[in-house]
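Visitor: Mind having a look at this structure? Questions to follow.
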Amino acid sequence: SVDVAGKGQIGLGSFSMDFPRYIKAVPTAARILLKNLSVPTAFAEDRQSREVFQTLGYDRLDLSGEVSARWDEATGDFRIETISAGLADGGSLAFDATIGNVPRTVFSDPASAQQAWVGFTLKSVGLGYRDASLVGRLLRLAASQTKQQPEALRDGLIAGLPQFMKDIRDPELRSKAIAALTAFLRNPTGLTVVSRLARPLPITQVIGTAATAPPQLPNLLQLEVAVSPERPPPRH
């Protein structure tokens, strides 16, 4: 740990980077791991941020994260196994995706990637959140700012879900999303959002929709929202 006068100690559990495979000088697989970077909230530059952390009940932020990805030459898939970030006694968020039709030339001749990416496809995408008290803390903070009881604020959010989800055209997906978010708000544990694609989508279509019509992304990606009631065992 490092002691910074007047603000406390910054601590670090561990940090590692591993690049096990290359084509020329370009890695085709990587894993970056950060464990328990502990920073006092006194390091926040502005007073408002420090007050928010104090109201949320944090005098230190204990952060961990991971980036893990690899390219499979046999299939042409680039797999983002996880991009994750976690706050101790708060929650953790993890993203994964598989991008198809990634040729070897992207790594052997990086300049060609500018032309090659238009042929990429999105084969899967997922997002997961595990709560460890952050949702409750945020509800209490928002309730105090709007002069409501946390339960009343939560009920108002639940009542607004059908309107919020109206752009999901598939009635089954929409119903599942509303039910999952309702259950999560009533008892925050875990929440997952996973694509149910029947076939890979051109990456240009996904980017174009995100840029011009973001509310249509759930329909395009066939996103399914579900509650994850049980906490998985620690990965590390």
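Residues in the structure tokens are named by chain (A, B, ... in the order shown) and by number from 1 within that chain; ligands are numbered from 1 in the order shown.
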Based on the backbone DSSP call, show me all residues of region 5-118 of chain A assigned helix (DSSP H, G or I), as a compact mmCIF listing (two decimals) with N, CA, C and O atoms, in the first residue's frame.

Guide:
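Contents of the output file out-v4.txt:
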# COMPACT_ATOMS: atom_id res chain seq x y z
N THR A 41 -12.26 7.22 -0.58
CA THR A 41 -13.13 8.13 -1.32
C THR A 41 -12.70 9.59 -1.15
O THR A 41 -13.15 10.45 -1.89
N ALA A 42 -11.81 9.84 -0.20
CA ALA A 42 -11.25 11.19 -0.03
C ALA A 42 -10.49 11.64 -1.27
O ALA A 42 -10.26 12.83 -1.46
N PHE A 43 -10.13 10.68 -2.14
CA PHE A 43 -9.40 11.03 -3.36
C PHE A 43 -10.32 11.61 -4.43
O PHE A 43 -9.83 12.12 -5.44
N ARG A 47 -16.20 17.96 -4.03
CA ARG A 47 -16.90 17.74 -2.76
C ARG A 47 -18.20 16.98 -2.96
O ARG A 47 -18.57 16.14 -2.14
N GLN A 48 -18.93 17.24 -4.04
CA GLN A 48 -20.20 16.57 -4.27
C GLN A 48 -20.02 15.07 -4.39
O GLN A 48 -20.81 14.30 -3.83
N SER A 49 -18.99 14.63 -5.11
CA SER A 49 -18.73 13.20 -5.24
C SER A 49 -18.41 12.58 -3.89
O SER A 49 -18.89 11.49 -3.56
N ARG A 50 -17.59 13.27 -3.10
CA ARG A 50 -17.25 12.75 -1.78
C ARG A 50 -18.50 12.61 -0.91
O ARG A 50 -18.65 11.64 -0.16
N GLU A 51 -19.41 13.56 -1.02
CA GLU A 51 -20.64 13.51 -0.23
C GLU A 51 -21.54 12.35 -0.68
O GLU A 51 -22.17 11.70 0.14
N VAL A 52 -21.57 12.09 -2.00
CA VAL A 52 -22.36 10.97 -2.51
C VAL A 52 -21.81 9.66 -1.98
O VAL A 52 -22.57 8.80 -1.49
N PHE A 53 -20.50 9.47 -2.04
CA PHE A 53 -19.89 8.25 -1.50
C PHE A 53 -20.19 8.10 -0.02
O PHE A 53 -20.49 7.00 0.45
N GLN A 54 -20.12 9.21 0.72
CA GLN A 54 -20.39 9.16 2.16
C GLN A 54 -21.84 8.75 2.41
O GLN A 54 -22.12 7.92 3.29
N THR A 55 -22.76 9.32 1.63
CA THR A 55 -24.18 8.98 1.79
C THR A 55 -24.44 7.51 1.43
O THR A 55 -25.26 6.85 2.07
N LEU A 56 -23.72 7.01 0.43
CA LEU A 56 -23.86 5.61 0.06
C LEU A 56 -23.22 4.68 1.09
O LEU A 56 -23.48 3.46 1.07
N THR A 105 -5.77 -11.93 -41.08
CA THR A 105 -5.10 -10.70 -41.51
C THR A 105 -5.31 -9.54 -40.53
O THR A 105 -4.51 -8.60 -40.52
N VAL A 106 -6.36 -9.60 -39.73
CA VAL A 106 -6.57 -8.55 -38.73
C VAL A 106 -5.38 -8.47 -37.78
O VAL A 106 -5.01 -7.39 -37.32
N PHE A 107 -4.76 -9.63 -37.52
CA PHE A 107 -3.62 -9.68 -36.60
C PHE A 107 -2.28 -9.62 -37.35
O PHE A 107 -1.33 -9.01 -36.88
N SER A 108 -2.23 -10.27 -38.51
CA SER A 108 -0.96 -10.29 -39.24
C SER A 108 -0.71 -8.97 -39.97
O SER A 108 0.44 -8.59 -40.21
N PRO A 110 -2.47 -5.46 -39.19
CA PRO A 110 -3.48 -4.66 -38.49
C PRO A 110 -4.08 -3.54 -39.33
O PRO A 110 -5.25 -3.18 -39.12
N ALA A 111 -3.34 -3.02 -40.27
CA ALA A 111 -3.88 -1.95 -41.11
C ALA A 111 -5.09 -2.42 -41.91
O ALA A 111 -5.97 -1.63 -42.26
N SER A 112 -5.16 -3.73 -42.18
CA SER A 112 -6.27 -4.27 -42.97
C SER A 112 -7.56 -4.35 -42.17
O SER A 112 -8.63 -4.55 -42.75
N ALA A 113 -7.48 -4.18 -40.86
CA ALA A 113 -8.68 -4.29 -40.02
C ALA A 113 -9.71 -3.24 -40.39
O ALA A 113 -10.92 -3.47 -40.24
N GLN A 114 -9.26 -2.09 -40.89
CA GLN A 114 -10.20 -1.04 -41.28
C GLN A 114 -11.13 -1.50 -42.40
O GLN A 114 -12.26 -1.03 -42.51
N GLN A 115 -10.64 -2.41 -43.26
CA GLN A 115 -11.49 -2.96 -44.30
C GLN A 115 -12.20 -4.23 -43.84
O GLN A 115 -13.34 -4.50 -44.22
N ALA A 116 -11.53 -5.02 -43.01
CA ALA A 116 -12.07 -6.33 -42.63
C ALA A 116 -13.26 -6.24 -41.69
O ALA A 116 -14.15 -7.10 -41.72
N TRP A 117 -13.34 -5.18 -40.86
CA TRP A 117 -14.37 -5.15 -39.82
C TRP A 117 -15.79 -5.12 -40.40
O TRP A 117 -16.74 -5.57 -39.74
N VAL A 118 -15.94 -4.64 -41.63
CA VAL A 118 -17.29 -4.57 -42.21
C VAL A 118 -17.85 -5.97 -42.46
O VAL A 118 -19.06 -6.13 -42.64

Visitor: Within 8 Å of Arg154 (chain A), counting only C-alpha atoms, which residues show up once you throw out same-chain ones fewer than 5 positions away? Write them as a list in words, please.

Guide: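 In the requested format, the answer is Leu139, Leu185 and Arg186 of chain A.
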
Visitor: Emit the selected residues as an mmCIF file, in the first residue's frame, including all heavy atoms.

Guide:
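Writing done, so here's out-v1.cif:
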data_model
loop_
_atom_site.group_PDB
_atom_site.id
_atom_site.type_symbol
_atom_site.label_atom_id
_atom_site.label_comp_id
_atom_site.auth_asym_id
_atom_site.auth_seq_id
_atom_site.Cartn_x
_atom_site.Cartn_y
_atom_site.Cartn_z
ATOM 1 N N LEU A 139 -31.072 3.189 -4.146
ATOM 2 C CA LEU A 139 -32.493 3.490 -3.917
ATOM 3 C C LEU A 139 -32.667 4.423 -2.730
ATOM 4 O O LEU A 139 -33.453 5.383 -2.777
ATOM 5 C CB LEU A 139 -33.276 2.197 -3.700
ATOM 6 C CG LEU A 139 -33.719 1.420 -4.934
ATOM 7 C CD1 LEU A 139 -34.358 0.097 -4.529
ATOM 8 C CD2 LEU A 139 -34.700 2.233 -5.777
ATOM 9 N N LEU A 185 -35.951 -5.644 -8.686
ATOM 10 C CA LEU A 185 -36.120 -4.444 -7.874
ATOM 11 C C LEU A 185 -36.685 -4.777 -6.495
ATOM 12 O O LEU A 185 -36.355 -4.114 -5.508
ATOM 13 C CB LEU A 185 -37.028 -3.444 -8.595
ATOM 14 C CG LEU A 185 -36.395 -2.718 -9.784
ATOM 15 C CD1 LEU A 185 -37.440 -1.953 -10.570
ATOM 16 C CD2 LEU A 185 -35.291 -1.772 -9.304
ATOM 17 N N ARG A 186 -37.518 -5.793 -6.423
ATOM 18 C CA ARG A 186 -38.080 -6.182 -5.125
ATOM 19 C C ARG A 186 -37.053 -6.924 -4.276
ATOM 20 O O ARG A 186 -37.056 -6.811 -3.042
ATOM 21 C CB ARG A 186 -39.321 -7.049 -5.330
ATOM 22 C CG ARG A 186 -40.498 -6.296 -5.945
ATOM 23 C CD ARG A 186 -41.809 -7.043 -5.748
ATOM 24 N NE ARG A 186 -42.919 -6.350 -6.382
ATOM 25 C CZ ARG A 186 -43.533 -5.277 -5.882
ATOM 26 N NH1 ARG A 186 -43.114 -4.764 -4.747
ATOM 27 N NH2 ARG A 186 -44.543 -4.724 -6.534
#

Visitor: What does the distance from CA of Thr204 (chain A) to CA of Gly119 (chain A) come to in Å, to one decimal?

Guide: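 Answer for the CA of Thr204 (chain A) to CA of Gly119 (chain A) separation: 8.0 Å.
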
Visitor: Quick check for you: according to DSSP on this backbone, which residues of region 89-230 of chain A are classed as strand (DSSP E)? Reply as number ranges by chain.

Guide: A: 91-100, 121-131, 190-195, 201-202, 223-227

Visitor: So how far away is CA of Ala30 (chain A) from CA of Ser16 (chain A), in Å?

Guide: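 Distance between the two atoms: 10.7 Å.
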
Visitor: Counting only C-alpha atoms, what is within 12 Å of Val206 (chain A), bar same-chain residues fewer than 2 positions away, as a PDB file with C-alpha atoms, in the first residue's frame?

Guide:
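To be explicit, this is the file written out as around_36.pdb:
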ATOM      1  CA  ILE A  99     -17.634 -11.748 -32.908  1.00  0.00           C
ATOM      2  CA  VAL A 118     -17.289  -4.572 -42.205  1.00  0.00           C
ATOM      3  CA  PHE A 120     -17.559  -9.090 -38.913  1.00  0.00           C
ATOM      4  CA  THR A 121     -20.679 -10.626 -37.406  1.00  0.00           C
ATOM      5  CA  LEU A 122     -22.125 -10.584 -33.917  1.00  0.00           C
ATOM      6  CA  LYS A 123     -22.864 -14.147 -32.804  1.00  0.00           C
ATOM      7  CA  SER A 124     -23.728 -13.573 -29.150  1.00  0.00           C
ATOM      8  CA  VAL A 125     -23.704 -10.928 -26.465  1.00  0.00           C
ATOM      9  CA  PRO A 200     -25.191 -14.035 -36.638  1.00  0.00           C
ATOM     10  CA  LEU A 201     -25.890 -10.391 -37.378  1.00  0.00           C
ATOM     11  CA  PRO A 202     -23.673  -8.175 -39.545  1.00  0.00           C
ATOM     12  CA  ILE A 203     -21.740  -5.937 -37.175  1.00  0.00           C
ATOM     13  CA  THR A 204     -22.509  -2.974 -39.428  1.00  0.00           C
ATOM     14  CA  GLY A 208     -26.030   1.326 -37.386  1.00  0.00           C
ATOM     15  CA  THR A 209     -29.022   0.491 -35.199  1.00  0.00           C
ATOM     16  CA  ALA A 210     -27.167   1.582 -32.048  1.00  0.00           C
ATOM     17  CA  ALA A 211     -26.324   4.911 -33.700  1.00  0.00           C
ATOM     18  CA  THR A 212     -29.672   5.708 -35.322  1.00  0.00           C
ATOM     19  CA  ALA A 213     -32.341   3.794 -33.376  1.00  0.00           C
ATOM     20  CA  PRO A 214     -31.069   2.600 -29.967  1.00  0.00           C
ATOM     21  CA  GLN A 216     -34.631  -1.064 -31.451  1.00  0.00           C
ATOM     22  CA  LEU A 217     -31.509  -2.888 -30.219  1.00  0.00           C
ATOM     23  CA  PRO A 218     -33.427  -5.241 -27.879  1.00  0.00           C
ATOM     24  CA  ASN A 219     -35.567  -6.335 -30.830  1.00  0.00           C
ATOM     25  CA  LEU A 220     -32.613  -6.728 -33.190  1.00  0.00           C
ATOM     26  CA  LEU A 221     -30.514  -8.661 -30.672  1.00  0.00           C
ATOM     27  CA  GLN A 222     -33.473 -10.633 -29.280  1.00  0.00           C
TER      28      GLN A 222
END

Visitor: Write out as a list of chain:residue names which residues come within 7 Å of Arg60 (chain A) when counting only C-alpha atoms, dropping same-chain ones fewer than 4 positions away.

Guide: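 Surrounding residues, per the criterion: A:Ser38, A:Val39, A:Pro40, A:Thr41.
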
Visitor: Pick from A:Arg104, A:Ala132, A:Phe95, A:Ala152: nearest to Val194 (chain A), with only C-alpha atoms counted?

Guide: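 Smallest separation from Val194 (chain A) among the options: A:Phe95.
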
Visitor: What's around region 170-183 of chain A at 8 Å? Count only C-alpha atoms, leave out sequence neighbours fewer than 4 positions away in its own chain, and write the answer as a list in words.

Guide: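 Listing them by chain and then by number gives Ile158, Leu161, Pro162, Met165, Lys166, Asn187, Pro188, Leu191, Asn219, Gln222, Leu223, Glu224, Val225, Ala226 and Val227 of chain A.
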
Visitor: Please produce an output containing N, CA and C atoms for each residue in the selection, written as a PDB file, in the first residue's frame.

Guide:
ATOM      1  N   ILE A 158     -41.192   0.250 -10.578  1.00  0.00           N
ATOM      2  CA  ILE A 158     -41.846  -0.967 -11.076  1.00  0.00           C
ATOM      3  C   ILE A 158     -43.078  -0.613 -11.901  1.00  0.00           C
ATOM      4  N   LEU A 161     -42.257   0.323 -15.515  1.00  0.00           N
ATOM      5  CA  LEU A 161     -41.576  -0.625 -16.395  1.00  0.00           C
ATOM      6  C   LEU A 161     -42.316  -0.893 -17.713  1.00  0.00           C
ATOM      7  N   PRO A 162     -43.644  -1.086 -17.707  1.00  0.00           N
ATOM      8  CA  PRO A 162     -44.320  -1.333 -18.995  1.00  0.00           C
ATOM      9  C   PRO A 162     -44.097  -0.215 -20.007  1.00  0.00           C
ATOM     10  N   MET A 165     -40.490  -0.365 -21.285  1.00  0.00           N
ATOM     11  CA  MET A 165     -40.215  -1.515 -22.140  1.00  0.00           C
ATOM     12  C   MET A 165     -41.078  -1.553 -23.402  1.00  0.00           C
ATOM     13  N   LYS A 166     -41.797  -0.496 -23.675  1.00  0.00           N
ATOM     14  CA  LYS A 166     -42.776  -0.525 -24.761  1.00  0.00           C
ATOM     15  C   LYS A 166     -42.154  -0.741 -26.140  1.00  0.00           C
ATOM     16  N   ASN A 187     -36.174  -7.665  -4.917  1.00  0.00           N
ATOM     17  CA  ASN A 187     -35.160  -8.428  -4.188  1.00  0.00           C
ATOM     18  C   ASN A 187     -33.891  -8.485  -5.038  1.00  0.00           C
ATOM     19  N   PRO A 188     -33.057  -7.445  -4.984  1.00  0.00           N
ATOM     20  CA  PRO A 188     -31.870  -7.401  -5.855  1.00  0.00           C
ATOM     21  C   PRO A 188     -30.882  -8.524  -5.550  1.00  0.00           C
ATOM     22  N   LEU A 191     -28.961 -10.197 -12.221  1.00  0.00           N
ATOM     23  CA  LEU A 191     -29.761  -9.956 -13.420  1.00  0.00           C
ATOM     24  C   LEU A 191     -28.895 -10.251 -14.627  1.00  0.00           C
ATOM     25  N   ASN A 219     -34.877  -5.529 -29.822  1.00  0.00           N
ATOM     26  CA  ASN A 219     -35.567  -6.335 -30.830  1.00  0.00           C
ATOM     27  C   ASN A 219     -34.577  -6.989 -31.781  1.00  0.00           C
ATOM     28  N   GLN A 222     -32.629  -9.644 -29.962  1.00  0.00           N
ATOM     29  CA  GLN A 222     -33.473 -10.633 -29.280  1.00  0.00           C
ATOM     30  C   GLN A 222     -32.981 -10.841 -27.837  1.00  0.00           C
ATOM     31  N   LEU A 223     -32.934  -9.740 -27.110  1.00  0.00           N
ATOM     32  CA  LEU A 223     -32.395  -9.777 -25.757  1.00  0.00           C
ATOM     33  C   LEU A 223     -33.423 -10.343 -24.779  1.00  0.00           C
ATOM     34  N   GLU A 224     -32.968 -11.260 -23.970  1.00  0.00           N
ATOM     35  CA  GLU A 224     -33.819 -11.874 -22.946  1.00  0.00           C
ATOM     36  C   GLU A 224     -33.272 -11.512 -21.572  1.00  0.00           C
ATOM     37  N   VAL A 225     -34.142 -10.964 -20.730  1.00  0.00           N
ATOM     38  CA  VAL A 225     -33.754 -10.532 -19.388  1.00  0.00           C
ATOM     39  C   VAL A 225     -34.245 -11.564 -18.387  1.00  0.00           C
ATOM     40  N   ALA A 226     -33.378 -11.945 -17.449  1.00  0.00           N
ATOM     41  CA  ALA A 226     -33.754 -12.943 -16.443  1.00  0.00           C
ATOM     42  C   ALA A 226     -33.072 -12.627 -15.125  1.00  0.00           C
ATOM     43  N   VAL A 227     -33.714 -13.055 -14.048  1.00  0.00           N
ATOM     44  CA  VAL A 227     -33.142 -12.909 -12.714  1.00  0.00           C
ATOM     45  C   VAL A 227     -32.220 -14.089 -12.445  1.00  0.00           C
TER      46      VAL A 227
END

Visitor: Quick one, how far is CA of Gly13 (chain A) from CA of Ala97 (chain A)?

Guide: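 Spanning CA of Gly13 (chain A) to CA of Ala97 (chain A) is a straight-line distance of 27.9 Å.
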